[in-house]
Every structure is written in structure tokens, then in C-alpha cells.
$ cat data-v2.txt   # compact mmCIF, C-alpha atoms
# COMPACT_ATOMS: atom_id res chain seq x y z
CA MET A 1 87.98 -9.60 -66.49
CA PRO A 2 87.37 -6.10 -65.04
CA THR A 3 90.23 -3.64 -65.16
CA SER A 4 89.93 -3.04 -61.41
CA ASP A 5 91.02 -6.60 -60.70
CA SER A 6 94.39 -6.17 -62.41
CA TYR A 7 95.94 -4.11 -59.64
CA ALA A 8 95.46 -3.49 -55.93
CA ARG A 9 93.84 -0.21 -55.05
CA GLY A 10 95.89 1.82 -52.55
CA PHE A 11 94.62 3.59 -49.48
CA ASP A 12 95.49 7.03 -50.87
CA GLU A 13 93.20 6.81 -53.89
CA ASP A 14 90.05 8.80 -53.34
CA VAL A 15 87.76 6.54 -55.36
CA GLN A 16 84.02 7.10 -55.34
CA THR A 17 81.49 4.81 -56.95
CA THR A 18 78.76 6.62 -58.85
CA GLY A 19 75.35 5.37 -59.81
CA ASN A 20 75.92 6.02 -63.50
CA GLN A 21 76.61 3.32 -66.02
CA CYS A 22 79.21 3.20 -68.74
CA PRO A 23 77.77 4.40 -72.06
CA GLU A 24 79.74 1.70 -73.91
CA CYS A 25 79.29 -1.50 -71.90
CA GLY A 26 76.94 -0.51 -69.09
CA GLY A 27 79.54 -1.37 -66.44
CA ARG A 28 80.28 0.25 -63.10
CA VAL A 29 81.70 3.81 -63.18
CA THR A 30 84.07 5.15 -60.51
CA THR A 31 85.44 8.65 -60.01
CA ASN A 32 88.74 9.64 -58.38
CA VAL A 33 90.53 12.97 -58.10
CA VAL A 34 91.83 12.70 -61.66
CA GLU A 35 89.22 11.08 -63.90
CA THR A 36 85.99 9.20 -64.23
CA VAL A 37 86.58 5.71 -65.62
CA CYS A 38 84.63 2.51 -66.26
CA GLU A 39 85.78 -0.42 -64.11
CA ASP A 40 84.89 -3.03 -66.74
CA CYS A 41 86.15 -1.73 -70.09
CA GLY A 42 88.49 1.06 -68.89
CA LEU A 43 86.74 3.83 -70.84
CA VAL A 44 87.72 7.31 -69.56
CA ILE A 45 84.46 9.20 -69.44
CA ASP A 46 85.62 12.50 -67.93
CA GLU A 47 88.91 14.08 -66.86
CA GLN A 48 89.17 16.56 -64.03
CA ARG A 49 92.24 18.78 -64.37
CA ILE A 50 91.82 20.64 -61.07
CA ASP A 51 94.06 19.24 -58.39
CA HIS A 52 92.12 18.96 -55.14
CA GLY A 53 95.10 17.67 -53.21
CA PRO A 54 96.58 19.34 -50.12
CA GLU A 55 98.48 22.60 -50.61
CA TRP A 56 101.06 21.85 -47.90
CA ARG A 57 104.78 22.20 -48.30
CA SER A 58 107.76 20.68 -46.57
CA CYS A 59 109.16 22.74 -43.68
CA THR A 60 112.21 20.60 -43.00
CA ASP A 61 115.76 21.89 -42.77
CA GLU A 62 116.82 19.98 -45.86
CA LYS A 63 119.00 22.11 -48.15
CA GLN A 64 117.83 22.52 -51.73
CA ARG A 65 120.02 23.92 -54.49
CA THR A 66 117.63 26.26 -56.21
CA GLY A 67 118.53 29.48 -57.99
CA GLY A 68 117.19 32.94 -57.36
CA PRO A 69 114.20 34.42 -59.20
CA LEU A 70 114.56 36.11 -62.55
CA THR A 71 115.23 39.84 -62.38
CA VAL A 72 115.57 42.61 -64.94
CA ALA A 73 118.29 44.24 -62.83
CA ARG A 74 120.89 41.84 -64.30
CA HIS A 75 121.95 41.65 -67.91
CA ASP A 76 121.43 37.86 -67.91
CA ARG A 77 118.17 37.98 -65.90
CA GLY A 78 120.03 36.61 -62.88
CA LEU A 79 120.90 33.25 -64.46
CA SER A 80 124.68 33.67 -64.22
CA THR A 81 126.85 31.22 -62.29
CA GLU A 82 128.97 32.41 -59.39
CA ILE A 83 132.14 30.43 -58.65
CA GLY A 84 133.23 30.44 -55.01
CA LYS A 85 136.70 31.16 -53.67
CA HIS A 86 137.54 29.69 -50.28
CA THR A 87 134.76 27.29 -49.24
CA ASP A 88 132.50 24.77 -50.93
CA ALA A 89 128.70 24.54 -50.77
CA SER A 90 128.83 22.89 -47.34
CA GLY A 91 131.14 25.53 -45.86
CA ASN A 92 134.27 23.36 -45.84
CA THR A 93 137.63 25.01 -46.53
CA LEU A 94 139.07 24.20 -49.95
CA SER A 95 142.58 23.00 -50.49
CA GLY A 96 145.18 25.12 -52.22
CA ARG A 97 145.03 23.05 -55.38
CA LYS A 98 141.24 23.39 -55.58
CA ARG A 99 141.41 27.17 -54.96
CA ARG A 100 143.88 27.59 -57.82
CA GLN A 101 141.62 25.54 -60.06
CA LEU A 102 138.59 27.67 -59.17
CA GLY A 103 140.66 30.80 -59.82
CA ARG A 104 141.37 29.60 -63.35
CA LEU A 105 137.69 28.80 -63.83
CA ARG A 106 136.67 32.28 -62.70
CA ARG A 107 139.13 33.83 -65.10
CA GLU A 108 137.76 31.88 -68.05
CA GLN A 109 134.21 32.62 -66.98
CA SER A 110 134.88 36.36 -66.84
CA ARG A 111 136.35 36.23 -70.34
CA GLY A 112 133.32 34.50 -71.81
CA ARG A 113 130.72 36.27 -69.73
CA PHE A 114 129.65 38.71 -72.42
CA GLN A 115 128.80 37.57 -75.92
CA SER A 116 128.88 41.02 -77.53
CA LYS A 117 129.69 44.67 -76.92
CA ALA A 118 126.00 45.45 -76.49
CA GLU A 119 125.72 42.91 -73.67
CA ARG A 120 128.75 44.42 -71.97
CA ASN A 121 127.23 47.90 -72.20
CA LEU A 122 123.95 46.54 -70.82
CA ALA A 123 125.72 45.02 -67.82
CA HIS A 124 127.56 48.27 -67.13
CA GLY A 125 124.41 50.38 -67.49
CA LEU A 126 122.31 48.15 -65.25
CA GLY A 127 125.08 48.26 -62.65
CA GLU A 128 124.93 52.06 -62.71
CA VAL A 129 121.15 51.96 -62.33
CA ARG A 130 121.43 49.69 -59.30
CA ARG A 131 124.10 51.91 -57.76
CA ILE A 132 122.10 55.13 -58.23
CA SER A 133 118.91 53.49 -56.94
CA SER A 134 120.73 52.26 -53.86
CA ALA A 135 122.20 55.72 -53.19
CA LEU A 136 118.72 57.30 -53.43
CA GLY A 137 117.11 54.61 -51.27
CA LEU A 138 114.62 53.54 -53.95
CA SER A 139 112.54 50.40 -53.69
CA GLU A 140 113.26 47.25 -55.68
CA THR A 141 110.13 47.80 -57.76
CA LEU A 142 111.24 51.27 -58.79
CA ARG A 143 114.76 49.98 -59.44
CA ASP A 144 113.41 47.25 -61.74
CA GLN A 145 111.35 49.85 -63.62
CA ALA A 146 114.48 51.92 -64.17
CA CYS A 147 116.38 48.84 -65.37
CA GLN A 148 113.60 47.99 -67.81
CA LEU A 149 113.66 51.58 -69.07
CA PHE A 150 117.40 51.30 -69.70
CA ARG A 151 116.83 48.07 -71.63
CA SER A 152 114.20 49.78 -73.77
CA ALA A 153 116.62 52.64 -74.47
CA GLN A 154 119.27 50.20 -75.66
CA ASN A 155 116.79 48.27 -77.80
CA GLU A 156 115.78 51.53 -79.48
CA ASN A 157 119.46 52.33 -80.13
CA LEU A 158 119.37 55.48 -77.97
CA LEU A 159 122.80 54.84 -76.43
CA ARG A 160 124.66 55.74 -79.61
CA GLY A 161 126.53 59.02 -79.10
CA ARG A 162 125.54 59.26 -75.44
CA SER A 163 127.21 58.15 -72.25
CA ILE A 164 125.98 55.04 -70.50
CA GLU A 165 126.09 56.83 -67.14
CA GLY A 166 123.86 59.63 -68.46
CA ILE A 167 121.24 57.21 -69.84
CA ALA A 168 121.33 55.22 -66.58
CA ALA A 169 120.74 58.38 -64.52
CA ALA A 170 117.97 59.47 -66.90
CA SER A 171 116.35 56.03 -66.56
CA VAL A 172 116.25 56.38 -62.78
CA TYR A 173 114.85 59.92 -63.04
CA GLY A 174 112.29 58.77 -65.62
CA ALA A 175 111.12 55.94 -63.39
CA CYS A 176 110.71 58.42 -60.53
CA ARG A 177 108.72 60.78 -62.73
CA CYS A 178 106.46 57.98 -63.98
CA THR A 179 105.61 56.94 -60.42
CA GLY A 180 105.16 60.50 -59.13
CA ARG A 181 108.14 60.40 -56.76
CA SER A 182 109.55 63.78 -55.71
CA GLN A 183 113.09 63.63 -57.09
CA THR A 184 114.88 66.49 -58.82
CA LEU A 185 117.50 66.26 -61.53
CA ASP A 186 120.18 67.33 -59.09
CA ASP A 187 119.20 64.53 -56.69
CA VAL A 188 119.91 61.98 -59.41
CA ALA A 189 122.93 63.72 -60.96
CA VAL A 190 124.91 63.90 -57.70
CA PRO A 191 125.08 60.14 -56.95
CA ALA A 192 125.40 59.39 -60.67
CA ARG A 193 128.45 61.68 -60.87
CA VAL A 194 127.09 63.14 -64.13
CA GLU A 195 126.44 66.76 -65.01
CA GLN A 196 122.84 67.84 -64.58
CA SER A 197 122.63 69.09 -68.17
CA ARG A 198 123.59 65.65 -69.50
CA VAL A 199 120.97 63.95 -67.37
CA LYS A 200 118.36 66.45 -68.54
CA ASN A 201 119.21 65.93 -72.22
CA ALA A 202 119.17 62.15 -71.83
CA TYR A 203 115.79 62.27 -70.08
CA GLN A 204 114.32 64.47 -72.79
CA THR A 205 115.50 61.93 -75.36
CA LEU A 206 113.92 59.04 -73.46
CA ASN A 207 110.69 60.97 -73.01
CA ALA A 208 110.48 61.88 -76.68
CA GLU A 209 111.50 58.53 -78.17
CA LEU A 210 109.83 56.13 -75.73
CA GLY A 211 106.79 58.22 -74.83
CA LEU A 212 107.11 57.95 -71.07
CA PRO A 213 103.88 58.30 -69.06
CA ALA A 214 105.54 60.92 -66.85
CA LYS A 215 103.29 62.54 -64.30
CA PRO A 216 103.62 66.22 -63.40
CA VAL A 217 105.14 66.53 -59.95
CA GLN A 218 102.99 68.65 -57.64
CA PRO A 219 104.48 71.03 -55.03
CA SER A 220 102.69 69.17 -52.23
CA ALA A 221 104.90 66.15 -52.89
CA PHE A 222 108.01 68.17 -51.97
CA VAL A 223 106.65 69.56 -48.71
CA PRO A 224 107.42 66.53 -46.45
CA ARG A 225 110.91 66.27 -47.82
CA LEU A 226 111.75 69.95 -47.30
CA ALA A 227 110.14 69.94 -43.87
CA SER A 228 112.34 67.01 -42.89
CA GLU A 229 115.50 68.75 -44.10
CA LEU A 230 114.61 71.94 -42.21
CA ALA A 231 113.49 70.03 -39.07
CA CYS A 232 110.07 71.68 -39.08
CA PRO A 233 107.36 70.56 -36.60
CA ASP A 234 104.32 68.61 -37.75
CA ASP A 235 101.90 71.52 -37.52
CA VAL A 236 104.08 73.59 -39.87
CA ARG A 237 104.31 70.70 -42.30
CA ARG A 238 100.55 70.23 -42.33
CA GLN A 239 99.95 73.95 -42.86
CA ALA A 240 102.45 74.07 -45.72
CA ARG A 241 100.85 71.07 -47.37
CA THR A 242 97.43 72.68 -47.03
CA LEU A 243 98.70 75.84 -48.74
CA ALA A 244 100.27 73.81 -51.54
CA GLU A 245 97.11 71.77 -52.15
CA ARG A 246 95.01 74.95 -52.15
CA ALA A 247 97.30 76.45 -54.78
CA GLU A 248 97.12 73.27 -56.87
CA THR A 249 93.33 73.42 -56.79
CA THR A 250 93.27 76.97 -58.13
CA GLY A 251 95.74 76.10 -60.90
CA VAL A 252 98.41 78.68 -60.07
CA THR A 253 101.10 75.98 -59.84
CA ALA A 254 100.98 75.17 -63.55
CA GLY A 255 104.37 75.74 -65.14
CA VAL A 256 106.19 76.66 -61.92
CA HIS A 257 109.09 74.92 -60.21
CA PRO A 258 107.40 72.46 -57.80
CA ALA A 259 110.24 72.43 -55.27
CA GLY A 260 110.45 76.24 -55.30
CA PHE A 261 106.71 76.62 -54.74
CA ALA A 262 106.82 74.05 -51.94
CA ALA A 263 109.64 76.02 -50.32
CA ALA A 264 107.52 79.18 -50.50
CA CYS A 265 104.56 77.39 -48.87
CA LEU A 266 106.82 76.08 -46.12
CA TYR A 267 108.35 79.49 -45.53
CA GLU A 268 104.90 81.08 -45.31
CA ALA A 269 103.74 78.38 -42.87
CA LEU A 270 106.79 79.04 -40.68
CA ARG A 271 106.13 82.79 -40.76
CA GLU A 272 102.51 82.27 -39.69
CA ARG A 273 103.70 80.19 -36.71
CA GLY A 274 105.97 83.01 -35.52
CA ARG A 275 109.15 81.57 -37.01
CA HIS A 276 111.27 83.62 -39.37
CA PRO A 277 113.96 81.45 -40.92
CA LEU A 278 116.36 82.74 -43.52
CA LYS A 279 115.04 82.52 -47.05
CA THR A 280 118.52 81.49 -48.11
CA ARG A 281 118.32 78.33 -46.03
CA VAL A 282 114.89 77.44 -47.37
CA ALA A 283 116.03 78.10 -50.93
CA GLU A 284 119.13 75.92 -50.49
CA ALA A 285 117.00 73.04 -49.21
CA ALA A 286 114.84 73.27 -52.34
CA ASP A 287 117.85 73.87 -54.62
CA VAL A 288 116.40 77.13 -55.99
CA CYS A 289 117.36 80.76 -55.76
CA VAL A 290 116.00 83.19 -53.18
CA SER A 291 114.11 85.23 -55.78
CA THR A 292 112.10 82.13 -56.73
CA VAL A 293 110.98 81.63 -53.15
CA ARG A 294 110.12 85.34 -52.83
CA THR A 295 108.03 85.34 -56.01
CA HIS A 296 106.06 82.23 -55.07
CA GLN A 297 105.57 83.54 -51.55
CA GLN A 298 103.68 86.53 -52.94
CA THR A 299 101.42 84.13 -54.86
CA VAL A 300 100.72 82.13 -51.71
CA ARG A 301 99.85 85.30 -49.79
CA LYS A 302 97.34 86.34 -52.46
CA LEU A 303 95.57 82.98 -52.05
CA GLU A 304 95.19 83.54 -48.30
CA LEU A 305 93.53 86.94 -48.74

$ encode --input "data-v2.txt" --output "C-alpha cells"
Amino acid sequence: MPTSDSYARGFDEDVQTTGNQCPECGGRVTTNVVETVCEDCGLVIDEQRIDHGPEWRSCTDEKQRTGGPLTVARHDRGLSTEIGKHTDASGNTLSGRKRRQLGRLRREQSRGRFQSKAERNLAHGLGEVRRISSALGLSETLRDQACQLFRSAQNENLLRGRSIEGIAAASVYGACRCTGRSQTLDDVAVPARVEQSRVKNAYQTLNAELGLPAKPVQPSAFVPRLASELACPDDVRRQARTLAERAETTGVTAGVHPAGFAAACLYEALRERGRHPLKTRVAEAADVCVSTVRTHQQTVRKLEL
């Protein structure tokens, strides 16, 4: 009795009859979306693992209880459970007895949330990284890179003898340096509420121990930011960027303060357009002293001659 006679074939089975014969019994061979099988003896000749079915998905309003994606911004990768307070999953108001019960559950959950001191420090450090990244307006990708850098610092035991806030700020600054973003130490130290010297020392430790692929920040990267703070027109910004890129090509920007050199290029572009702003204002926008702007301005003038 053929195997095909033992069950009724449904309409949704894409069965095709081939002209080949079974190598065992010489019976009829059929092929569906899964495998090639003999109808007489049931021998599986070939299996096709590629699913050629439709790639549609349901677009109904049915609620599904699925968790969020894994993230490195949380100490538990985002797999923690959150216990509600006033309403249930359907939005209905809870009774007083149920609210007191959930309050006791939240208390016990908070007590057993961390398994060790290291996990508690990791949660606190990642929270600081998220707070600093939010204050600086960084993207989620850059924030996750900073969180991963903080994890690597803890795995290498670099937190011993150093503050968690300082390592968190240094992780954010290190992620900015690795991606070429124009951020200064003072920009990170202010929202982190940590002294700039501590952030600098922590970053030097991360750079030395972890070997960060930090890119040198060019002065041209600071020009749009300074032009925005000083409310400069577009033609001045383009001229300042041109001066900065010309200086980078000649190699005179090696070893100089990038923000200070960008401020000098912007000041020179303003002077060429008939504007004479105070050097003090330009220096304050770049967080450098006036003498730095004056020295770099002389270098920019030599390039124009």
C-alpha cells in the first residue's frame, strides 16, 4: 500500500510530481516545499531547508506580551521585571489590597535585584552613562558604545580606587573620541558633575589599558558648533571651515588644541567679512584663553599669504 494513501492530502501542500524514480523501489517521487519523498516506500531522497513560504505578518490589533530587545545600557541586558503600581496590564484600577501586595513584591524585588556588589556598581555606572549621554544629546548607538566601554573597564578591574562617576564620564568621552565626535572634556565633566582632571585621568587609564581606537579630533569638526554658539551666518561658517581644512592639509594643526584653532579660523573668517567680534567671546565659546586664539590666528594668516 503506498504511503500517499494513508492520509488525505490538503489543499495547502505544494506537491509536485517529478519524472524521477525512487532509487530503492522505482516508485513515484514527489516534491513539496520541505522534502523530496517516494510515494511508495516513503524514502526521503532530499530535504530542502529553505522556507519558500510567504513572509507576511499579522497586522491585527491583538495585544502580545513580548519583552523589549536586549540592550547593553542595562546591567541585566534589559531582562528585569517591572511590577506595576496602580493599574493592571489591561489598564484597570487595582484594589487597595492588591496595591499593598504589589508594594510588598516590589520591596522584595528591589532587595534581591543585585546578586553582588559588582552588579550594583555596574547598574549605578550604566545609569550615570545614560544620564550623561542624555544630557549631551547623544544617539542610542553612541550611548551603547559608552555602556560597553564601562563594562569592559569593570571586567578589567579598572574601577578599583576610582570613582564610578569618573569612569562613566570617561567612557562617554572615550566613545565620542572613538567616533570622531567633537566633544571636549569640559562638555562631559559639566553634566557628569565631576572635576575635569578626574575625567582626564580616568580617560587616560581607559586609553592605556583598553587600547581605545581614539581618532584625533580635527579643528574643522569644531567649526559648526562654535559658529552655532556665536550665531554666525552660513558664509562665515563655510569660510572658517575652508581655513581649518587648509590648515589640516598643511599639517600645522598637529599637536594644537582643536577647539582653539577652530576659534581662530572662525575669528579670521568674521574679520574678513567685516565683522570684528571680541576675541574674549570667541575664546569663551571654545573654552580656551584669548592668547591661544591670538597665536593660532597668526598661523591662519600666514597660510593665507

$ closest_residue --input "data-v2.txt" --among "A:Pro213, A:Thr253, A:Ala192, A:Gly112" --to "A:Ser134" --atoms "all atoms listed in the file"
A:Ala192

$ atom_distance --input "data-v2.txt" --atom1 "atom CA of A:Ser152" --atom2 "atom CA of A:Leu79"
20.1 Å

$ residues_around --input "data-v2.txt" --residues "A:Arg130" --least-positions-apart "5" --cutoff "9 Å" --atoms "all atoms listed in the file" --output "MDAnalysis selection string"
chainID A and resid 73 125 135 143:144 146:147

$ axis_aligned_box --input "data-v2.txt" --around "stretch 261-266 of chain A" --padding-each-side "3 Å" --output "lines of an AutoDock Vina configuration file"
center_x = 107.1
center_y = 76.6
center_z = -50.4
size_x = 11.1
size_y = 11.1
size_z = 14.6

$ residues_around --input "data-v2.txt" --residues "A:Leu266" --least-positions-apart "5" --cutoff "8 Å" --atoms "only C-alpha atoms" --output "number ranges by chain"
A: 223, 226-227, 236-237, 239-241

$ atom_distance --input "data-v2.txt" --atom1 "atom CA of A:Leu70" --atom2 "atom CA of A:Ser163"
27.2 Å

$ residues_around --input "data-v2.txt" --residues "A:Val194" --least-positions-apart "2" --cutoff "8 Å" --atoms "all atoms listed in the file" --output "list in words"
Glu165, Gly166, Ala169, Ala189, Val190, Ala192, Gln196, Arg198 and Val199 of chain A

$ atom_distance --input "data-v2.txt" --atom1 "atom CA of A:Ala285" --atom2 "atom CA of A:Ala231"
11.1 Å

$ residues_around --input "data-v2.txt" --residues "A:His75" --least-positions-apart "3" --cutoff "10 Å" --atoms "only C-alpha atoms" --output "list in words"
Thr71, Val72, Gly78, Leu79, Ser80, Phe114, Glu119, Arg120, Asn121, Leu122, Ala123, His124, Gly125, Leu126, Gly127, Cys147 and Arg151 of chain A

$ residues_around --input "data-v2.txt" --residues "A:Ala168" --least-positions-apart "5" --cutoff "7 Å" --atoms "only C-alpha atoms" --output "list in words"
Gly125, Glu128, Val129 and Phe150 of chain A

$ closest_residue --input "data-v2.txt" --among "A:Ile83, A:Leu206, A:Leu138, A:Ile132" --to "A:Gln109" --atoms "only C-alpha atoms"
A:Ile83

$ residues_near_point --input "data-v2.txt" --point "(115.9, 62.7, -64.1)" --cutoff "7 Å" --atoms "all atoms listed in the file" --output "PyMOL selection string"
chain A and resi 169-170+172-174+184-185+188+199-200+203

$ write_last_selection --input "data-v2.txt" --atoms "C-alpha atoms" --output "tab-separated table (two decimals), in the coordinates of the input"
chain	number	residue	atom	x	y	z
A	169	ALA	CA	120.74	58.38	-64.52
A	170	ALA	CA	117.97	59.47	-66.90
A	172	VAL	CA	116.25	56.38	-62.78
A	173	TYR	CA	114.85	59.92	-63.04
A	174	GLY	CA	112.29	58.77	-65.62
A	184	THR	CA	114.88	66.49	-58.82
A	185	LEU	CA	117.50	66.26	-61.53
A	188	VAL	CA	119.91	61.98	-59.41
A	199	VAL	CA	120.97	63.95	-67.37
A	200	LYS	CA	118.36	66.45	-68.54
A	203	TYR	CA	115.79	62.27	-70.08

$ closest_residue --input "data-v2.txt" --among "A:Ala264, A:Cys176, A:Leu270, A:Leu105" --to "A:Thr141" --atoms "all atoms listed in the file"
A:Cys176

$ closest_residue --input "data-v2.txt" --among "A:Gln115, A:Ser220, A:Thr179, A:Thr280" --to "A:Val293" --atoms "all atoms listed in the file"
A:Thr280

$ closest_residue --input "data-v2.txt" --among "A:Ser171, A:Ser291, A:Thr31, A:Ser110" --to "A:Glu82" --atoms "all atoms listed in the file"
A:Ser110

$ closest_residue --input "data-v2.txt" --among "A:Lys215, A:Ala175, A:His276, A:Arg193" --to "A:Glu140" --atoms "all atoms listed in the file"
A:Ala175

$ decode --input "data-v2.txt" --residues "stretch 264-284 of chain A" --atoms "N, CA and C atoms" --output "PDB file, in the first residue's frame"
ATOM      1  N   ALA A 264      40.117  80.335  16.176  1.00  0.00           N
ATOM      2  CA  ALA A 264      40.936  81.284  15.422  1.00  0.00           C
ATOM      3  C   ALA A 264      40.488  81.367  13.963  1.00  0.00           C
ATOM      4  N   CYS A 265      40.151  80.219  13.362  1.00  0.00           N
ATOM      5  CA  CYS A 265      39.668  80.230  11.975  1.00  0.00           C
ATOM      6  C   CYS A 265      38.337  80.974  11.872  1.00  0.00           C
ATOM      7  N   LEU A 266      37.476  80.783  12.855  1.00  0.00           N
ATOM      8  CA  LEU A 266      36.188  81.468  12.832  1.00  0.00           C
ATOM      9  C   LEU A 266      36.356  82.970  13.037  1.00  0.00           C
ATOM     10  N   TYR A 267      37.263  83.343  13.923  1.00  0.00           N
ATOM     11  CA  TYR A 267      37.513  84.769  14.135  1.00  0.00           C
ATOM     12  C   TYR A 267      38.095  85.420  12.887  1.00  0.00           C
ATOM     13  N   GLU A 268      38.991  84.722  12.203  1.00  0.00           N
ATOM     14  CA  GLU A 268      39.584  85.266  10.985  1.00  0.00           C
ATOM     15  C   GLU A 268      38.542  85.385   9.879  1.00  0.00           C
ATOM     16  N   ALA A 269      37.620  84.389   9.805  1.00  0.00           N
ATOM     17  CA  ALA A 269      36.560  84.465   8.798  1.00  0.00           C
ATOM     18  C   ALA A 269      35.616  85.628   9.084  1.00  0.00           C
ATOM     19  N   LEU A 270      35.327  85.885  10.345  1.00  0.00           N
ATOM     20  CA  LEU A 270      34.489  87.032  10.702  1.00  0.00           C
ATOM     21  C   LEU A 270      35.177  88.354  10.362  1.00  0.00           C
ATOM     22  N   ARG A 271      36.484  88.410  10.597  1.00  0.00           N
ATOM     23  CA  ARG A 271      37.222  89.645  10.306  1.00  0.00           C
ATOM     24  C   ARG A 271      37.257  89.912   8.809  1.00  0.00           C
ATOM     25  N   GLU A 272      37.379  88.852   7.989  1.00  0.00           N
ATOM     26  CA  GLU A 272      37.398  89.045   6.545  1.00  0.00           C
ATOM     27  C   GLU A 272      36.043  89.517   6.018  1.00  0.00           C
ATOM     28  N   ARG A 273      34.964  89.176   6.720  1.00  0.00           N
ATOM     29  CA  ARG A 273      33.623  89.596   6.304  1.00  0.00           C
ATOM     30  C   ARG A 273      33.233  90.957   6.885  1.00  0.00           C
ATOM     31  N   GLY A 274      34.181  91.670   7.459  1.00  0.00           N
ATOM     32  CA  GLY A 274      33.902  92.985   8.010  1.00  0.00           C
ATOM     33  C   GLY A 274      33.339  92.973   9.409  1.00  0.00           C
ATOM     34  N   ARG A 275      33.363  91.845  10.072  1.00  0.00           N
ATOM     35  CA  ARG A 275      32.869  91.751  11.446  1.00  0.00           C
ATOM     36  C   ARG A 275      34.073  91.672  12.384  1.00  0.00           C
ATOM     37  N   HIS A 276      33.982  92.336  13.483  1.00  0.00           N
ATOM     38  CA  HIS A 276      35.088  92.356  14.449  1.00  0.00           C
ATOM     39  C   HIS A 276      34.551  92.030  15.844  1.00  0.00           C
ATOM     40  N   PRO A 277      34.280  90.767  16.101  1.00  0.00           N
ATOM     41  CA  PRO A 277      33.789  90.409  17.433  1.00  0.00           C
ATOM     42  C   PRO A 277      34.926  90.418  18.452  1.00  0.00           C
ATOM     43  N   LEU A 278      34.564  90.406  19.689  1.00  0.00           N
ATOM     44  CA  LEU A 278      35.569  90.357  20.746  1.00  0.00           C
ATOM     45  C   LEU A 278      36.222  88.981  20.788  1.00  0.00           C
ATOM     46  N   LYS A 279      37.553  88.984  20.897  1.00  0.00           N
ATOM     47  CA  LYS A 279      38.247  87.713  20.998  1.00  0.00           C
ATOM     48  C   LYS A 279      37.878  86.988  22.286  1.00  0.00           C
ATOM     49  N   THR A 280      37.497  87.756  23.294  1.00  0.00           N
ATOM     50  CA  THR A 280      37.100  87.121  24.548  1.00  0.00           C
ATOM     51  C   THR A 280      35.864  86.264  24.363  1.00  0.00           C
ATOM     52  N   ARG A 281      34.905  86.738  23.588  1.00  0.00           N
ATOM     53  CA  ARG A 281      33.687  85.970  23.355  1.00  0.00           C
ATOM     54  C   ARG A 281      33.971  84.714  22.560  1.00  0.00           C
ATOM     55  N   VAL A 282      34.823  84.830  21.553  1.00  0.00           N
ATOM     56  CA  VAL A 282      35.173  83.654  20.749  1.00  0.00           C
ATOM     57  C   VAL A 282      35.946  82.645  21.588  1.00  0.00           C
ATOM     58  N   ALA A 283      36.841  83.140  22.438  1.00  0.00           N
ATOM     59  CA  ALA A 283      37.616  82.241  23.284  1.00  0.00           C
ATOM     60  C   ALA A 283      36.723  81.541  24.312  1.00  0.00           C
ATOM     61  N   GLU A 284      35.745  82.238  24.855  1.00  0.00           N
ATOM     62  CA  GLU A 284      34.831  81.613  25.820  1.00  0.00           C
ATOM     63  C   GLU A 284      33.975  80.534  25.162  1.00  0.00           C
TER      64      GLU A 284
END
